[in-house]
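final.txt follows (compact mmCIF, C-alpha atoms):
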# COMPACT_ATOMS: atom_id res chain seq x y z
CA MET G 1 0.00 0.00 0.00
CA PRO G 2 1.44 3.39 -0.95
CA SER G 3 1.79 5.93 1.85
CA LYS G 4 -0.59 8.86 2.22
CA THR G 5 2.17 11.24 1.12
CA THR G 6 2.64 9.26 -2.10
CA GLN G 7 -1.10 9.18 -2.71
CA LYS G 8 -1.36 12.95 -2.28
CA ALA G 9 1.62 13.51 -4.57
CA ILE G 10 0.04 11.33 -7.26
CA LEU G 11 -3.28 13.14 -6.77
CA LEU G 12 -1.57 16.53 -7.18
CA ILE G 13 0.09 15.34 -10.38
CA PHE G 14 -3.29 14.29 -11.76
CA VAL G 15 -4.92 17.55 -10.64
CA PHE G 16 -2.32 19.80 -12.26
CA GLY G 17 -1.90 17.59 -15.33
CA ILE G 18 -5.61 17.31 -16.15
CA SER G 19 -6.15 20.99 -15.31
CA ALA G 20 -3.36 21.99 -17.70
CA VAL G 21 -4.85 19.87 -20.49
CA PHE G 22 -8.30 21.34 -19.84
CA LEU G 23 -6.95 24.93 -19.92
CA VAL G 24 -5.11 24.27 -23.17
CA MET G 25 -8.25 22.73 -24.64
CA THR G 26 -10.41 25.74 -23.68
CA ARG G 27 -7.76 28.48 -24.08
CA GLN G 28 -9.65 30.21 -26.91
CA PHE G 29 -12.65 30.64 -24.60
CA LEU G 30 -10.73 31.90 -21.55
CA MET G 31 -11.07 35.55 -22.59
CA PRO G 32 -14.89 35.45 -22.93
CA ILE G 33 -15.08 33.61 -19.60
CA PHE G 34 -12.89 36.23 -17.93
CA LEU G 35 -14.97 39.07 -19.38
CA ALA G 36 -18.16 37.30 -18.35
CA GLY G 37 -16.90 37.11 -14.78
CA LEU G 38 -15.82 40.76 -14.85
CA PHE G 39 -19.12 42.07 -16.23
CA SER G 40 -21.08 39.79 -13.92
CA ALA G 41 -19.32 41.30 -10.91
CA LEU G 42 -19.92 44.85 -12.17
CA SER G 43 -23.58 44.24 -12.99
CA ASN G 44 -24.34 42.24 -9.86
CA PRO G 45 -25.96 45.24 -8.06
CA LEU G 46 -28.38 45.61 -10.99
CA TYR G 47 -29.05 41.86 -10.91
CA GLN G 48 -29.85 41.99 -7.20
CA ARG G 49 -32.37 44.81 -7.73
CA LEU G 50 -33.99 42.98 -10.63
CA LEU G 51 -34.08 39.82 -8.54
CA ILE G 52 -36.20 41.64 -5.96
CA PHE G 53 -38.37 43.09 -8.73
CA CYS G 54 -38.83 39.60 -10.25
CA ARG G 55 -39.74 38.16 -6.82
CA GLY G 56 -36.76 35.82 -6.61
CA ARG G 57 -36.93 34.39 -10.13
CA GLU G 58 -33.21 34.13 -10.86
CA THR G 59 -33.50 33.13 -14.52
CA LEU G 60 -35.70 36.08 -15.41
CA ALA G 61 -33.52 38.53 -13.43
CA SER G 62 -30.37 37.27 -15.13
CA PHE G 63 -32.01 37.51 -18.56
CA LEU G 64 -33.15 41.10 -17.90
CA THR G 65 -29.69 42.06 -16.64
CA ILE G 66 -28.02 40.77 -19.80
CA GLY G 67 -30.68 42.44 -21.95
CA THR G 68 -30.00 45.75 -20.22
CA LEU G 69 -26.25 45.32 -20.74
CA VAL G 70 -26.74 44.59 -24.43
CA CYS G 71 -29.02 47.60 -24.96
CA LEU G 72 -26.95 50.08 -22.96
CA VAL G 73 -23.41 48.91 -23.77
CA LEU G 74 -22.96 46.40 -26.59
CA ILE G 75 -25.32 47.89 -29.19
CA PRO G 76 -24.05 51.48 -28.75
CA LEU G 77 -20.46 50.19 -28.68
CA THR G 78 -21.00 48.33 -31.96
CA GLY G 79 -22.40 51.46 -33.56
CA LEU G 80 -19.51 53.52 -32.22
CA ILE G 81 -16.96 51.09 -33.64
CA GLY G 82 -18.63 51.32 -37.06
CA VAL G 83 -18.51 55.12 -37.02
CA VAL G 84 -14.90 55.17 -35.77
CA VAL G 85 -13.78 52.78 -38.51
CA ALA G 86 -15.51 54.85 -41.19
CA GLN G 87 -14.02 58.10 -39.91
CA ALA G 88 -10.59 56.50 -39.48
CA ILE G 89 -10.62 55.54 -43.17
CA ASN G 90 -11.71 59.08 -44.01
CA VAL G 91 -8.84 60.55 -41.97
CA SER G 92 -6.35 58.23 -43.65
CA GLN G 93 -7.63 59.09 -47.13
CA SER G 94 -7.66 62.85 -46.46
CA VAL G 95 -4.33 63.22 -44.65
CA THR G 96 -2.19 61.32 -47.14
CA PRO G 97 -3.09 63.50 -50.21
CA TRP G 98 -2.53 66.60 -48.06
CA VAL G 99 0.99 65.47 -47.19
CA HIS G 100 1.73 64.62 -50.82
CA ALA G 101 0.59 68.09 -51.89
CA PHE G 102 2.76 69.56 -49.16
CA LEU G 103 5.76 67.67 -50.47
CA GLU G 104 5.13 68.69 -54.06
CA LYS G 105 4.37 72.37 -53.37
CA PRO G 106 5.88 73.36 -50.05
CA SER G 107 5.84 77.01 -51.11
CA ALA G 108 2.04 77.01 -50.85
CA PHE G 109 2.45 76.87 -47.08
CA ALA G 110 5.14 79.52 -46.81
CA ASP G 111 2.68 81.95 -45.23
CA TYR G 112 2.34 79.66 -42.24
CA GLN G 113 5.93 78.45 -41.93
CA HIS G 114 7.39 81.79 -40.86
CA LYS G 115 5.02 81.85 -37.89
CA ILE G 116 6.69 78.78 -36.39
CA PRO G 117 8.99 79.65 -33.44
CA TYR G 118 12.72 79.57 -34.33
CA TYR G 119 11.82 79.16 -37.98
CA ASP G 120 15.12 80.73 -39.09
CA GLN G 121 17.11 78.11 -37.19
CA ILE G 122 15.18 75.14 -38.58
CA LEU G 123 14.94 76.52 -42.15
CA PRO G 124 18.08 74.65 -43.39
CA TYR G 125 16.52 71.38 -42.25
CA ARG G 126 13.08 72.08 -43.74
CA ASP G 127 13.29 69.55 -46.57
CA VAL G 128 14.49 66.79 -44.25
CA ILE G 129 11.69 67.52 -41.77
CA ILE G 130 9.09 67.48 -44.55
CA GLN G 131 10.34 64.14 -45.87
CA LYS G 132 10.36 62.61 -42.39
CA LEU G 133 6.85 63.93 -41.77
CA GLY G 134 5.62 62.49 -45.04
CA GLY G 135 7.15 59.11 -44.28
CA LEU G 136 5.69 59.13 -40.77
CA VAL G 137 2.17 59.92 -41.95
CA GLY G 138 2.46 57.40 -44.77
CA ASN G 139 3.52 54.65 -42.36
CA ALA G 140 0.73 55.64 -39.96
CA SER G 141 -1.82 55.47 -42.76
CA THR G 142 -0.57 52.05 -43.85
CA LEU G 143 -0.69 50.79 -40.26
CA LEU G 144 -4.21 52.16 -39.86
CA ILE G 145 -5.49 50.47 -43.02
CA ASP G 146 -3.83 47.18 -42.05
CA SER G 147 -5.39 47.38 -38.58
CA LEU G 148 -8.84 48.04 -40.05
CA SER G 149 -8.46 45.09 -42.41
CA SER G 150 -7.46 42.89 -39.50
CA MET G 151 -10.46 44.12 -37.50
CA THR G 152 -12.76 43.24 -40.39
CA LYS G 153 -11.44 39.70 -40.44
CA MET G 154 -11.99 39.42 -36.68
CA THR G 155 -15.63 40.54 -36.82
CA VAL G 156 -17.10 37.05 -37.05
CA ASN G 157 -14.87 35.79 -34.25
CA ALA G 158 -15.81 38.79 -32.09
CA VAL G 159 -19.53 38.08 -32.57
CA LEU G 160 -19.04 34.43 -31.60
CA MET G 161 -17.01 35.35 -28.52
CA SER G 162 -19.63 37.92 -27.50
CA VAL G 163 -22.36 35.28 -27.64
CA ILE G 164 -20.23 32.92 -25.53
CA MET G 165 -19.52 35.72 -23.05
CA LEU G 166 -23.22 36.58 -22.65
CA TYR G 167 -24.19 32.91 -22.33
CA THR G 168 -21.52 32.40 -19.64
CA MET G 169 -22.53 35.60 -17.91
CA PHE G 170 -26.13 34.35 -17.70
CA TYR G 171 -25.02 31.48 -15.45
CA PHE G 172 -22.41 33.50 -13.58
CA LEU G 173 -25.12 35.89 -12.39
CA ILE G 174 -27.15 32.99 -11.05
CA ASP G 175 -24.44 30.71 -9.67
CA GLY G 176 -21.40 32.99 -9.58
CA HIS G 177 -21.33 33.20 -5.79
CA LYS G 178 -21.23 29.40 -5.54
CA LEU G 179 -18.30 29.25 -7.97
CA LEU G 180 -16.48 31.99 -6.06
CA TYR G 181 -16.84 30.17 -2.74
CA LYS G 182 -15.60 26.97 -4.38
CA ILE G 183 -12.51 28.76 -5.74
CA LEU G 184 -11.78 30.29 -2.34
CA TYR G 185 -12.19 26.85 -0.74
CA TYR G 186 -9.49 25.38 -3.00
CA LEU G 187 -7.00 28.19 -2.30
CA PRO G 188 -4.43 27.12 0.35
CA LEU G 189 -4.94 30.32 2.36
CA GLU G 190 -6.53 31.22 5.64
CA ASP G 191 -10.09 32.52 5.47
CA ARG G 192 -8.97 35.96 6.65
CA GLU G 193 -6.37 36.15 3.87
CA GLU G 194 -8.87 34.96 1.25
CA GLN G 195 -11.43 37.56 2.27
CA LEU G 196 -8.74 40.24 2.37
CA LEU G 197 -7.55 39.25 -1.11
CA LEU G 198 -11.09 39.31 -2.45
CA GLN G 199 -11.90 42.64 -0.79
CA ARG G 200 -8.69 44.36 -1.91
CA PHE G 201 -8.90 43.06 -5.45
CA THR G 202 -12.58 43.97 -5.83
CA SER G 203 -12.00 47.42 -4.38
CA VAL G 204 -8.95 48.23 -6.50
CA ALA G 205 -10.48 46.76 -9.66
CA ARG G 206 -13.71 48.74 -9.21
CA ALA G 207 -11.79 51.95 -8.57
CA THR G 208 -9.55 51.35 -11.58
CA ILE G 209 -12.46 50.72 -13.93
CA LYS G 210 -14.33 53.75 -12.68
CA GLY G 211 -11.31 56.01 -12.67
CA THR G 212 -9.95 54.90 -16.06
CA LEU G 213 -12.79 53.83 -18.34
CA ILE G 214 -15.59 56.15 -17.28
CA ILE G 215 -13.41 59.25 -17.02
CA GLY G 216 -11.73 58.36 -20.31
CA ILE G 217 -15.12 58.05 -22.00
CA LEU G 218 -16.23 61.41 -20.58
CA GLN G 219 -13.04 63.15 -21.69
CA GLY G 220 -13.19 61.61 -25.16
CA PHE G 221 -16.87 62.57 -25.48
CA LEU G 222 -16.23 66.18 -24.48
CA CYS G 223 -13.16 66.51 -26.69
CA GLY G 224 -15.09 65.02 -29.61
CA ILE G 225 -17.77 67.67 -29.10
CA GLY G 226 -15.03 70.32 -29.01
CA PHE G 227 -13.59 69.07 -32.31
CA SER G 228 -17.05 69.07 -33.88
CA LEU G 229 -17.77 72.66 -32.73
CA ALA G 230 -14.35 73.75 -33.97
CA GLY G 231 -15.15 72.40 -37.45
CA ILE G 232 -12.61 69.57 -37.44
CA GLN G 233 -13.58 66.56 -39.54
CA SER G 234 -14.08 63.07 -38.08
CA PRO G 235 -14.74 64.20 -34.47
CA VAL G 236 -15.89 60.73 -33.36
CA PHE G 237 -12.60 59.20 -34.44
CA TRP G 238 -10.53 61.86 -32.69
CA GLY G 239 -12.73 61.70 -29.58
CA THR G 240 -12.30 57.92 -29.37
CA LEU G 241 -8.56 58.26 -29.82
CA MET G 242 -8.40 60.84 -27.04
CA ALA G 243 -10.49 58.59 -24.77
CA VAL G 244 -7.81 55.91 -25.14
CA LEU G 245 -4.94 58.38 -24.66
CA SER G 246 -6.55 59.78 -21.51
CA ILE G 247 -4.84 56.97 -19.56
CA ILE G 248 -1.49 58.79 -19.88
CA PRO G 249 -0.93 60.81 -16.69
CA SER G 250 -0.61 64.61 -16.91
CA VAL G 251 -0.69 64.59 -20.73
CA GLY G 252 -3.61 62.45 -21.90
CA THR G 253 -5.90 64.08 -24.45
CA ALA G 254 -3.54 67.05 -24.95
CA ILE G 255 -1.47 64.85 -27.27
CA ILE G 256 -4.25 65.30 -29.84
CA TRP G 257 -6.09 68.54 -29.13
CA LEU G 258 -3.03 70.72 -28.44
CA PRO G 259 -1.46 70.21 -31.91
CA ALA G 260 -4.95 70.67 -33.40
CA LEU G 261 -5.21 74.00 -31.56
CA PHE G 262 -1.87 75.18 -32.99
CA ILE G 263 -2.94 74.15 -36.50
CA LEU G 264 -6.14 76.16 -36.13
CA LEU G 265 -4.11 79.17 -35.02
CA LEU G 266 -1.84 78.83 -38.07
CA LEU G 267 -4.95 78.64 -40.25
CA LYS G 268 -6.25 81.80 -38.54
CA ASN G 269 -9.31 79.94 -37.24
CA PHE G 270 -9.25 81.75 -33.92
CA ILE G 271 -12.84 80.85 -33.00
CA GLY G 272 -12.11 77.14 -33.38
CA ALA G 273 -8.91 77.50 -31.38
CA VAL G 274 -10.78 79.22 -28.54
CA ILE G 275 -13.44 76.48 -28.59
CA LEU G 276 -10.75 73.75 -28.32
CA ALA G 277 -9.00 75.62 -25.51
CA ILE G 278 -12.23 75.93 -23.50
CA VAL G 279 -13.85 72.54 -24.18
CA CYS G 280 -10.74 70.31 -24.36
CA GLY G 281 -8.33 72.24 -22.16
CA LEU G 282 -10.48 73.85 -19.49
CA ILE G 283 -13.49 71.51 -19.20
CA ALA G 284 -12.24 68.05 -20.27
CA GLY G 285 -8.79 68.69 -18.81
CA ASN G 286 -10.16 69.32 -15.32
CA ILE G 287 -12.91 66.69 -15.33
CA ASP G 288 -10.48 64.16 -13.85
CA ASN G 289 -9.82 66.29 -10.76
CA ILE G 290 -13.51 67.05 -10.27
CA ILE G 291 -15.20 63.71 -10.94
CA ARG G 292 -12.58 61.11 -9.93
CA PRO G 293 -12.86 61.66 -6.12
CA ARG G 294 -16.67 61.36 -6.22
CA LEU G 295 -16.70 58.54 -8.76
CA VAL G 296 -14.11 56.38 -7.03
CA GLY G 297 -15.29 57.25 -3.52
CA LYS G 298 -13.78 55.10 -0.80
CA ASP G 299 -12.40 52.53 -3.20
CA THR G 300 -8.64 52.13 -3.20
CA SER G 301 -7.20 53.62 -6.39
CA MET G 302 -3.85 52.70 -7.92
CA HIS G 303 -1.02 55.02 -8.76
CA ASP G 304 -1.22 56.57 -12.22
CA LEU G 305 1.90 54.71 -13.37
CA PHE G 306 0.35 51.34 -12.49
CA VAL G 307 -2.74 52.30 -14.49
CA LEU G 308 -0.64 53.50 -17.43
CA PHE G 309 1.70 50.52 -17.70
CA GLY G 310 -1.08 48.08 -16.87
CA THR G 311 -3.20 49.47 -19.70
CA LEU G 312 -0.36 49.64 -22.24
CA GLY G 313 0.83 46.17 -21.30
CA GLY G 314 -2.73 44.86 -21.49
CA ILE G 315 -3.18 46.33 -24.97
CA SER G 316 0.09 44.79 -26.18
CA MET G 317 -0.89 41.38 -24.80
CA PHE G 318 -4.68 41.23 -25.27
CA GLY G 319 -5.38 43.85 -27.93
CA ILE G 320 -8.12 46.44 -27.46
CA LEU G 321 -9.60 44.42 -24.57
CA GLY G 322 -6.39 45.11 -22.68
CA ILE G 323 -7.80 48.55 -21.84
CA MET G 324 -9.94 46.73 -19.27
CA ILE G 325 -7.91 43.59 -18.58
CA GLY G 326 -4.56 45.32 -18.10
CA PRO G 327 -5.61 47.52 -15.15
CA ILE G 328 -7.44 44.57 -13.59
CA LEU G 329 -4.27 42.46 -13.67
CA ALA G 330 -2.32 45.43 -12.32
CA ALA G 331 -4.90 45.67 -9.53
CA LEU G 332 -4.39 41.97 -8.77
CA PHE G 333 -0.62 42.55 -8.69
CA VAL G 334 -1.05 45.37 -6.16
CA ALA G 335 -3.52 43.37 -4.08
CA ILE G 336 -1.25 40.31 -3.93
CA TRP G 337 1.70 42.35 -2.69
CA GLU G 338 -0.49 44.05 -0.09
CA ILE G 339 -1.61 40.63 1.12
CA TYR G 340 2.01 39.53 1.24
CA GLY G 341 2.99 42.55 3.31
CA GLU G 342 0.08 41.99 5.68
CA SER G 343 0.74 38.25 6.10
CA PHE G 344 4.51 38.50 6.57
CA LYS G 345 4.69 41.79 8.47
CA ASP G 346 6.14 39.99 11.50
CA TYR G 347 9.08 38.71 9.42
CA LEU G 348 9.78 41.79 7.29
CA PRO G 349 12.25 44.38 8.63
CA LYS G 350 10.91 47.77 9.55
CA VAL G 351 11.86 50.60 7.19
CA ALA G 352 12.22 54.07 8.70
CA THR G 353 10.40 56.91 6.99
CA LYS G 354 11.99 60.26 6.18
CA LYS G 355 10.22 61.78 9.16
CA GLU G 356 11.70 59.17 11.50
CA ASP G 357 15.15 59.68 9.96
CA LYS G 358 14.97 63.41 10.67
CA GLN G 359 13.93 62.75 14.27
CA LYS G 360 17.00 60.60 14.73
Take the structure I supplied and represent it as structure tokens, if you would.
Amino acid sequence: MPSKTTQKAILLIFVFGISAVFLVMTRQFLMPIFLAGLFSALSNPLYQRLLIFCRGRETLASFLTIGTLVCLVLIPLTGLIGVVVAQAINVSQSVTPWVHAFLEKPSAFADYQHKIPYYDQILPYRDVIIQKLGGLVGNASTLLIDSLSSMTKMTVNAVLMSVIMLYTMFYFLIDGHKLLYKILYYLPLEDREEQLLLQRFTSVARATIKGTLIIGILQGFLCGIGFSLAGIQSPVFWGTLMAVLSIIPSVGTAIIWLPALFILLLLKNFIGAVILAIVCGLIAGNIDNIIRPRLVGKDTSMHDLFVLFGTLGGISMFGILGIMIGPILAALFVAIWEIYGESFKDYLPKVATKKEDKQK
């Protein structure tokens, strides 16, 4: 008879081996499952209210919750993506001929060139700058068209994954708490540590989503309105781009609207420049300081650098969905290290603060 230690070792080998095979087998569905769990957690308050309204009928409440999510999020998002793609193609088709005309007849823009600061110093390098600018815009246009073609090919797959996500979410809303308790049961941690991990992760993730996505959407929406009022073409495309760039601390949307403001000044469109300065600079630029404290509330927010690198890393690894997944994984990283510090505080050496150093 094998010893109990041998039996447990063999059992662990089977557990990890079969689990690895199962994860490899279902790897293409892991992303929809993850998103289903994320959206289920975010929409759980709505589900609980609908559950009371439906007098405890879980199936009906879950169905209504998913229907609400589809009507308020997925359908508008699909329409937005269609408009953004159309306007992105329009931007690509309009910018490239403009650059070519600039290269062929640079003298046509001589009236604007002398207004550039230190123009006399950069005049000898004008031709080189123009060629580099043309190559940069040309490469950007090519990249944009290639990305749009790739997105078109992924449309069918995205629809399939969305259906799987909604189907999974339907059951997560009903039985998600049972699955969560089962996962916590299998973790080799004390109950206090498991609850602390769950609480910290939920709090940081909620704060990150609120502070990054919602504020980014608001800033992109306001800046898009500013571009439209200023008479700039394709405002939906530029607004969406600024919503994504809003994750960059201290700079954010200014990467787009500030050069646009200077171009309007060179074109003597002073009214449009004033509109951009007020809407994008004054209103959208300060919305983060005004809304973030009320929106996040008592939730623990991450440092801006964690949000930035988490989002950029998420985009590089998971594509456009990394805008949500990246900060969530960064939140899990922060939560794990906080749990570690709490659990091993008796073994970790004390580090004196600057205030304590001065007192010494």
### Message
Show me, as a ChimeraX atom specification, the residues that have an atom within 12 Å of G:Cys54 when counting all atoms listed in the file, minus same-chain residues fewer than 6 positions from it.
### Response
/G:47-48,60-65
### Which of G:Val351, G:Gly220, G:Gln199, G:Phe270 sits closest to G:Gly252 [using all atoms listed in the file]
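Smallest distance to G:Gly252 is found for G:Gly220.
Of the listed residues G:Phe53, G:Phe309, G:Phe333, G:Tyr347, the one whose atoms come nearest to G:Leu197 is G:Phe333, with distances taken using only C-alpha atoms.
For the pair atom CA of G:Gly231 and atom CA of G:Gly216, the separation is 22.4 Å.
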### Task
Name the closest residue to G:Gly285 among the candidates G:Ile323, G:Ile13, G:Ile215, G:Val236; distances are taken between atoms, counting all atoms listed in the file.
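Of G:Ile323, G:Ile13, G:Ile215, G:Val236, the one nearest G:Gly285 is G:Ile215, counting all atoms listed in the file.
Between atom CA of G:Thr202 and atom CA of G:Leu38 the interatomic distance comes to 10.1 Å.
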### Message
For a cutoff of 12 Å around the file-coordinate point (-14.5, 30.9, -19.4), which residues qualify once you count all atoms listed in the file? I'd like the result as a PyMOL selection string.
### Response
chain G and resi 22-23+25-38+161-162+164-169+171-172
### Message
I need the residue nearest G:Leu51 from this list: G:Leu276, G:Ala20, G:Leu173, G:Ala158. Use only C-alpha atoms for the distance.
### Response
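Going through G:Leu276, G:Ala20, G:Leu173, G:Ala158 one by one, the smallest distance to G:Leu51 is for G:Leu173.
Between G:Ile328 and the candidates G:Asn289, G:Gln233, G:Gln219, G:Ser203, the tightest atom-to-atom separation, counting only C-alpha atoms, involves G:Ser203.
Nearest-residue note for G:Ser234: choosing from G:Val274, G:Cys71, G:Val279, G:Ala86, the minimum distance belongs to G:Ala86, counting only C-alpha atoms.
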